[in-house]
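Colleague: Below you will find the structure I want to go over with you.
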Amino acid sequence: MAEEVRYISHGDLEDGGYRHEKFFAESLAESTKSKYLELRKRKLFYGLANVKLIIWSFFKATAENNVVAARLGISSWLRNIFNTKQTYVVVHDYDKNRYNSLFLRVYFPLLFWGIKIFKPNRVKVVVVSEYWVKYFNETKGIPLNNLKLFPNLLEVKLILAQRSLVNKKTIHLGQYSIKNSDLVFDISSKLSKKGYFCYFSTLDKGLAMECGDYSVVYFNSHADYLKRMAESEFTLGFSKYHEGWNRVVHESVLLNTPVIAFKKGGMQYLVKESDCFLVDSVEEALEIIERRVEYRCPKEFLYKYDVSQRQNYF
């Protein structure tokens, strides 16, 4: 009987985090020549509902290799503590200021402390960039043997096909999210007064709307989303948290649409590698936008994080 890689997760949208986790699990199955099975609760869980989610995942984490979303890590670890089955806990980022849930404020420090103290041989924390390898090792004390780097790999050729020679007076404000800094609304107000069309993109059709200084746009296809971003002058990465990698920023630079971002989390590594712009303030960002810089994605960056590189990380 063939071994199995089981991907266990939760969430209402197929966002960048979901796609990264799924692709890691599929790549692991390919690497180990195993069957692949996905189990996903397609809803959001808050408060005590997380207990129900954890119990569900405890009984599902029975494969030889279990790839689980971050808040399911402890349950999979405990489920397999007395056997030889592996747990891969995908942690995209960590910022304690991001969580207003008592459950998550307790859960994540407990997960990191447990791995630091017990150093379980069959548990790996999967992270998306070198920034997070360094952070979890040096700040949280997680041994390097318990950390696994697997970047947010993209199908680069499909993205390059949407490059555009058209350059409109448009600014992509990034994905519409609670993770955005309030300063993104400040700069959109200033830019709209200068004649720029500012827009957020969204995966949720119900969030699409027109506001005074910006629009929230839902696209019917990924190609349409890429085309609009390719026609924009800049994409902004104004996050108030230390994010993991930021798929939108990655796609933007491949489209030759430069990025202006805050110096936070793994995103700053991505911005540096792609020769884009890191800033500390709205004023710095406005100065760069007004210069209307010419940008071309560096050749050495183009295929560095292409899906063809996936087996290099196993």
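Residue numbers start at 1 in each chain; chains themselves are named A, B, ... in the order of the structure tokens; ligands are numbered from 1 in the order shown.
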Just want the 7 Å neighbourhood of region 227-242 of chain A, counted on only C-alpha atoms, with same-chain residues fewer than 5 positions away dropped. Output as number ranges by chain.
Modeller: A: 93-95, 98, 162-164, 166-174, 179-181, 184, 249, 252, 255-262, 264-265
Colleague: If we count only C-alpha atoms and set the cut-off at 12 Å, which residues sit around Leu48 (chain A), ignoring sequence neighbours fewer than 4 positions away in its own chain? Please answer as an mmCIF file with N, CA and C atoms, in the first residue's frame.
Modeller:
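part.cif was written with the following content:
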```cif
data_model
loop_
_atom_site.group_PDB
_atom_site.id
_atom_site.type_symbol
_atom_site.label_atom_id
_atom_site.label_comp_id
_atom_site.auth_asym_id
_atom_site.auth_seq_id
_atom_site.Cartn_x
_atom_site.Cartn_y
_atom_site.Cartn_z
ATOM 1 N N LEU A 44 -14.454 29.639 8.442
ATOM 2 C CA LEU A 44 -13.586 30.283 9.416
ATOM 3 C C LEU A 44 -13.972 29.813 10.819
ATOM 4 N N LYS A 52 -13.260 22.523 18.404
ATOM 5 C CA LYS A 52 -13.875 21.547 17.498
ATOM 6 C C LYS A 52 -12.966 21.272 16.300
ATOM 7 N N LEU A 53 -12.350 22.329 15.773
ATOM 8 C CA LEU A 53 -11.427 22.184 14.639
ATOM 9 C C LEU A 53 -10.234 21.318 15.019
ATOM 10 N N ILE A 54 -9.682 21.550 16.192
ATOM 11 C CA ILE A 54 -8.499 20.811 16.641
ATOM 12 C C ILE A 54 -8.826 19.335 16.862
ATOM 13 N N ILE A 55 -9.974 19.057 17.439
ATOM 14 C CA ILE A 55 -10.385 17.659 17.642
ATOM 15 C C ILE A 55 -10.548 16.961 16.299
ATOM 16 N N SER A 101 -7.529 37.109 19.340
ATOM 17 C CA SER A 101 -8.153 35.906 19.879
ATOM 18 C C SER A 101 -7.298 35.358 21.016
ATOM 19 N N LEU A 102 -7.926 35.120 22.171
ATOM 20 C CA LEU A 102 -7.205 34.549 23.311
ATOM 21 C C LEU A 102 -6.628 33.188 22.949
ATOM 22 N N PHE A 103 -7.388 32.416 22.178
ATOM 23 C CA PHE A 103 -6.924 31.087 21.765
ATOM 24 C C PHE A 103 -5.590 31.168 21.036
ATOM 25 N N LEU A 104 -5.504 32.051 20.032
ATOM 26 C CA LEU A 104 -4.280 32.136 19.232
ATOM 27 C C LEU A 104 -3.131 32.766 20.016
#
```
Colleague: What does the distance from CA of Tyr295 (chain A) to CA of Asp280 (chain A) come to in Å, to one decimal?
Modeller: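 CA of Asp280 (chain A) lies at a distance of 20.6 Å from CA of Tyr295 (chain A).
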Colleague: Within region 87-271 of chain A, find each residue whose DSSP state, derived from the backbone, is alpha helix (DSSP H), and express the selection as a PyMOL selection string.
Modeller: chain A and resi 102-118+130-138+156-160+183-193+222-230+247-254+267-271
Colleague: With C-alpha atoms retained, export the selected residues as a tab-separated table (two decimals), in the first residue's frame.
Modeller:
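Here's the written file selection.tsv:
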```
chain	number	residue	atom	x	y	z
A	102	LEU	CA	-7.20	34.55	23.31
A	103	PHE	CA	-6.92	31.09	21.76
A	104	LEU	CA	-4.28	32.14	19.23
A	105	ARG	CA	-2.40	34.26	21.76
A	106	VAL	CA	-1.95	31.14	23.87
A	107	TYR	CA	-1.65	28.59	21.06
A	108	PHE	CA	1.26	29.98	19.04
A	109	PRO	CA	3.66	30.62	21.97
A	110	LEU	CA	2.81	27.12	23.24
A	111	LEU	CA	3.57	25.56	19.82
A	112	PHE	CA	6.90	27.38	19.50
A	113	TRP	CA	7.88	26.66	23.12
A	114	GLY	CA	7.05	22.99	22.76
A	115	ILE	CA	9.20	22.55	19.66
A	116	LYS	CA	12.04	24.52	21.25
A	117	ILE	CA	12.02	22.37	24.41
A	118	PHE	CA	11.24	18.90	23.05
A	130	GLU	CA	14.95	32.89	4.91
A	131	TYR	CA	13.71	35.76	7.10
A	132	TRP	CA	11.44	33.37	8.98
A	133	VAL	CA	14.09	30.66	9.26
A	134	LYS	CA	16.28	33.21	11.02
A	135	TYR	CA	13.41	34.63	13.09
A	136	PHE	CA	12.14	31.32	14.45
A	137	ASN	CA	15.64	30.00	15.10
A	138	GLU	CA	17.11	33.10	16.77
A	156	VAL	CA	6.32	32.34	-13.70
A	157	LYS	CA	5.57	31.81	-17.42
A	158	LEU	CA	1.85	32.31	-16.87
A	159	ILE	CA	2.53	35.59	-15.08
A	160	LEU	CA	5.03	36.87	-17.66
A	183	LEU	CA	-1.40	54.56	6.00
A	184	VAL	CA	-2.49	52.89	2.76
A	185	PHE	CA	-5.73	54.88	2.99
A	186	ASP	CA	-3.75	58.05	3.70
A	187	ILE	CA	-1.62	57.64	0.58
A	188	SER	CA	-4.60	56.70	-1.59
A	189	SER	CA	-6.30	59.94	-0.54
A	190	LYS	CA	-3.23	61.95	-1.51
A	191	LEU	CA	-2.76	60.08	-4.80
A	192	SER	CA	-6.40	60.35	-5.86
A	193	LYS	CA	-6.12	64.13	-5.49
A	222	HIS	CA	-6.46	35.50	-12.36
A	223	ALA	CA	-5.39	36.71	-15.82
A	224	ASP	CA	-7.65	39.79	-15.53
A	225	TYR	CA	-6.18	40.56	-12.11
A	226	LEU	CA	-2.63	40.26	-13.47
A	227	LYS	CA	-3.42	42.39	-16.52
A	228	ARG	CA	-4.72	45.27	-14.38
A	229	MET	CA	-1.67	45.11	-12.13
A	230	ALA	CA	0.66	45.01	-15.15
A	247	ARG	CA	2.24	36.68	-3.24
A	248	VAL	CA	0.80	39.91	-4.69
A	249	VAL	CA	4.15	41.67	-4.35
A	250	HIS	CA	5.91	38.72	-6.01
A	251	GLU	CA	3.50	38.72	-8.95
A	252	SER	CA	3.82	42.48	-9.34
A	253	VAL	CA	7.59	42.51	-9.76
A	254	LEU	CA	7.40	39.70	-12.32
A	267	MET	CA	8.29	40.87	2.39
A	268	GLN	CA	11.38	43.04	2.83
A	269	TYR	CA	13.61	40.18	1.64
A	270	LEU	CA	11.46	39.82	-1.48
A	271	VAL	CA	11.54	43.56	-2.16
```
Colleague: Give me the residues near Ala70 (chain A) as a count of residues only, where near means some atom within 6 Å (using only C-alpha atoms) and where sequence neighbours in that chain fewer than 4 positions away do not count.
Modeller: 3
Colleague: Write out as a PDB file with N, CA and C atoms, in the first residue's frame each polymer residue whose atoms come within 7 Å of region 15-30 of chain A, counting only C-alpha atoms; drop sequence neighbours fewer than 5 positions from it.
Modeller:
```pdb
ATOM      1  N   VAL A   5       0.421  11.429   1.660  1.00  0.00           N
ATOM      2  CA  VAL A   5       0.587  12.782   2.175  1.00  0.00           C
ATOM      3  C   VAL A   5      -0.807  13.363   2.325  1.00  0.00           C
ATOM      4  N   TYR A   7      -3.050  16.612   3.417  1.00  0.00           N
ATOM      5  CA  TYR A   7      -3.066  18.053   3.679  1.00  0.00           C
ATOM      6  C   TYR A   7      -4.351  18.398   4.422  1.00  0.00           C
ATOM      7  N   LYS A  35       0.630   8.908  -2.297  1.00  0.00           N
ATOM      8  CA  LYS A  35      -0.704   9.394  -2.652  1.00  0.00           C
ATOM      9  C   LYS A  35      -0.930  10.739  -1.970  1.00  0.00           C
ATOM     10  N   TYR A  36      -1.795  11.560  -2.577  1.00  0.00           N
ATOM     11  CA  TYR A  36      -2.098  12.866  -2.008  1.00  0.00           C
ATOM     12  C   TYR A  36      -3.582  12.950  -1.685  1.00  0.00           C
ATOM     13  N   VAL A  67       0.562  17.312   6.431  1.00  0.00           N
ATOM     14  CA  VAL A  67       0.837  18.731   6.233  1.00  0.00           C
ATOM     15  C   VAL A  67      -0.361  19.497   6.783  1.00  0.00           C
ATOM     16  N   VAL A  90       2.735  24.321   8.623  1.00  0.00           N
ATOM     17  CA  VAL A  90       3.055  25.462   7.769  1.00  0.00           C
ATOM     18  C   VAL A  90       2.716  26.755   8.521  1.00  0.00           C
ATOM     19  N   ASN A 152       7.342  30.570  -1.572  1.00  0.00           N
ATOM     20  CA  ASN A 152       6.063  30.718  -2.284  1.00  0.00           C
ATOM     21  C   ASN A 152       6.361  30.690  -3.774  1.00  0.00           C
ATOM     22  N   ARG A 247       2.359  37.164  -1.861  1.00  0.00           N
ATOM     23  CA  ARG A 247       2.235  36.676  -3.238  1.00  0.00           C
ATOM     24  C   ARG A 247       1.960  37.815  -4.221  1.00  0.00           C
ATOM     25  N   ARG A 310      10.752  23.360  -7.180  1.00  0.00           N
ATOM     26  CA  ARG A 310      10.183  22.802  -5.951  1.00  0.00           C
ATOM     27  C   ARG A 310      10.968  21.642  -5.372  1.00  0.00           C
TER      28      ARG A 310
END
```
Colleague: Mind listing the strand (DSSP E) residues of region 118-165 of chain A, per DSSP on the backbone, as a ChimeraX atom specification?
Modeller: /A:123-127,147-149
Colleague: Would you kindly return, as a list in words, each protein, DNA or RNA residue with an atom no farther than 9 Å from any atom of Asn145 (chain A), considering only C-alpha atoms and excluding same-chain residues fewer than 4 positions away?
Modeller: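 The residues satisfying every condition are Lys119, Asn121 and Lys124 of chain A.
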Colleague: For Gly11 (chain A), work out the shell of residues within 8 Å, counting only C-alpha atoms and skipping chain neighbours fewer than 4 positions away, then give it as a ChimeraX atom specification.
Modeller: /A:40-45
Colleague: CA of Ser274 (chain A) and CA of Val128 (chain A), how far apart in Å?
Modeller: 16.4 Å
Colleague: Using only C-alpha atoms, which of the listed residues (A:Thr139, A:Asn100, A:Asn80, A:Ser215) sits closest to Lys60 (chain A)?
Modeller: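 Between A:Thr139, A:Asn100, A:Asn80, A:Ser215, the residue approaching Lys60 (chain A) most closely is A:Asn80.
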